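This report concerns only the one structure given below.
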Amino acid sequence: MIFEKRTERLFLPVFLLIVLCLPLFLEANSFFVSKVTTVLILATFVMSLDFLVGRVGLVTLGHALFYGLGGYLFVIIAPEYEAVNFWLYTFYVCALAALIALVVGVVVLRTSGIYFIMITLAISQMAYYFFFDSLDFGGSDGVFIFMKPETSIFGLSFLNLDDPMHFYYLAVLSLFNTLLFLKLILRSRFGRIVEASRQNPERTEALGYNIFAFRLISYVIASTLGAYAGFLFALQYGFVNPSFLTWEMSGTALVMSILGGMGTIYGAILGTFAYEGLQYLFEHLTEEWLLFMGAAIILMVIVLRKGLAGYLEKLLEK
């Protein structure tokens, strides 16, 4: 069984039903449709980070490197005023992101612990300043995507990315495909070896497994999924700029993962919606919303030691 915990089997169908029906109530308000779409895309990104940190054991503050690259790679390879095929260019973007992740991973995985955190942060910031100072990519203002891709398959098109509702359901599909993909990996022999290498690397290596290779593959998988999320975000708003690559983006995603329940994978959904919901609430209540936001996060971390997913499991796994 892919979803081994009762909490997952109860939460996911309910959540799926809610997000599928939500547009029926928000159809008249395009702002909220767009906002929830953004949260779904962010949840996909946080899920990829949760896999890397919570299951592989590689804590990083540079995951936003690939979130930003997802958008920039599309701008680099796609014609500026031509509607390209979404599925084909999704493959191109993910393939290029995987290749870059492979090269970066070979370098950064030579380190561990605090040194791994610092080198991933440094590489991410290098990319940030490269695009920030690059006139070819719009500098700090970034660059616009003038033509959104078309989604036809053998001449048939079921999605119009210019339609907020269609893009919303694409984000829902992407989120659940990512969740299913990561759960399949974790339930496989590969996933069990990755889990063993996180818990006891010395014993796993003594059994004859190449820990470096397994971690490298995991790093490439997580980075590629992060790039895909960034690609979707860039398409939704029609632009990409260096703020996508900042360490603050990586840090915020890490906070969302912790709030949701590190390593649970589905907890990334809970953490992202909780963080974005609190931010929206406090922003509309007071100008000092950052103070209340920080206090709420501290309180949640103290009270919910294993995150929102851990609290749900405490209630439902009895």
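Convention: chains lettered A, B, ... in structure tokens order; per-chain residue numbering from 1; ligands numbered from 1 as shown.
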
Which of segment 19-247 of chain A end up as helix (DSSP H, G or I) when DSSP is run on this backbone - answer as a PyMOL selection string? chain A and resi 19-26+30-55+64-77+86-108+114-133+135-137+139-141+164-187+189-199+201-206+211-237+242-245+247

So which residues of segment 34-268 of chain A fall under strand (DSSP E or B) by DSSP, listed as a PyMOL selection string? chain A and resi 85+143-144+150+153+156+239-240

Filtering to N, CA, C and O atoms, could you give me those residues as a JSON list (two decimals), in the first residue's frame?
[["chain", "number", "residue", "atom", "x", "y", "z"],
["A", 85, "ASN", "N", 4.85, 24.08, -26.98],
["A", 85, "ASN", "CA", 4.07, 23.01, -26.36],
["A", 85, "ASN", "C", 4.47, 22.85, -24.89],
["A", 85, "ASN", "O", 5.64, 22.65, -24.58],
["A", 143, "VAL", "N", 12.44, 39.09, -16.06],
["A", 143, "VAL", "CA", 12.04, 39.04, -17.47],
["A", 143, "VAL", "C", 10.63, 38.48, -17.58],
["A", 143, "VAL", "O", 10.23, 37.61, -16.81],
["A", 144, "PHE", "N", 9.87, 39.01, -18.55],
["A", 144, "PHE", "CA", 8.47, 38.60, -18.72],
["A", 144, "PHE", "C", 8.36, 37.43, -19.69],
["A", 144, "PHE", "O", 9.16, 37.29, -20.61],
["A", 150, "GLU", "N", 1.00, 26.30, -25.13],
["A", 150, "GLU", "CA", -0.26, 25.60, -25.41],
["A", 150, "GLU", "C", -0.10, 24.14, -25.01],
["A", 150, "GLU", "O", 1.01, 23.63, -24.94],
["A", 153, "ILE", "N", -2.13, 17.76, -27.22],
["A", 153, "ILE", "CA", -1.52, 16.44, -27.38],
["A", 153, "ILE", "C", -2.18, 15.79, -28.59],
["A", 153, "ILE", "O", -3.39, 15.55, -28.58],
["A", 156, "LEU", "N", -5.17, 17.63, -29.79],
["A", 156, "LEU", "CA", -6.27, 17.83, -28.84],
["A", 156, "LEU", "C", -5.76, 18.61, -27.64],
["A", 156, "LEU", "O", -4.72, 18.29, -27.06],
["A", 239, "PHE", "N", 6.18, 35.94, -15.39],
["A", 239, "PHE", "CA", 7.51, 36.56, -15.24],
["A", 239, "PHE", "C", 8.36, 35.73, -14.30],
["A", 239, "PHE", "O", 7.85, 34.90, -13.54],
["A", 240, "VAL", "N", 9.64, 35.98, -14.34],
["A", 240, "VAL", "CA", 10.58, 35.37, -13.39],
["A", 240, "VAL", "C", 11.62, 36.41, -13.05],
["A", 240, "VAL", "O", 12.08, 37.17, -13.92]]

Proximity of segment 54-161 of chain A to segment 258-276 of chain A: per-residue shortest pair, 10 Å limit, only C-alpha atoms, as CSV:
residue,atom,partner,partner_atom,distance
A:Gly54,CA,A:Gly263,CA,3.8
A:Arg55,CA,A:Gly263,CA,5.4
A:Val56,CA,A:Gly263,CA,8.8
A:Gly57,CA,A:Gly263,CA,9.2

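Residue nearest Leu245 of chain A within the list A:Tyr92, A:Phe15, A:Phe212, A:Phe130: A:Phe130 [criterion: smallest interatomic distance, only C-alpha atoms].
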
Counting only C-alpha atoms, which residues of segment 68-147 of chain A fall within 12 Å of segment 163-176 of chain A, and what is the closest atom pair for each with its distance in Å at one decimal, ordered by chain and rising number, as JSON lines?
{"residue": "A:Phe86", "atom": "CA", "partner": "A:Leu170", "partner_atom": "CA", "distance": 11.4}
{"residue": "A:Trp87", "atom": "CA", "partner": "A:Leu170", "partner_atom": "CA", "distance": 11.8}
{"residue": "A:Thr90", "atom": "CA", "partner": "A:Ser174", "partner_atom": "CA", "distance": 11.8}

Output the selection as a PDB file, in the first residue's frame - N, CA and C atoms for each residue.
ATOM      1  N   PHE A  86       3.496  22.908 -23.999  1.00  0.00           N
ATOM      2  CA  PHE A  86       3.756  22.845 -22.559  1.00  0.00           C
ATOM      3  C   PHE A  86       4.431  21.540 -22.153  1.00  0.00           C
ATOM      4  N   TRP A  87       3.920  20.418 -22.637  1.00  0.00           N
ATOM      5  CA  TRP A  87       4.426  19.113 -22.202  1.00  0.00           C
ATOM      6  C   TRP A  87       5.855  18.903 -22.670  1.00  0.00           C
ATOM      7  N   THR A  90       8.094  21.300 -20.679  1.00  0.00           N
ATOM      8  CA  THR A  90       8.206  20.825 -19.290  1.00  0.00           C
ATOM      9  C   THR A  90       9.310  19.773 -19.208  1.00  0.00           C
TER      10      THR A  90
END
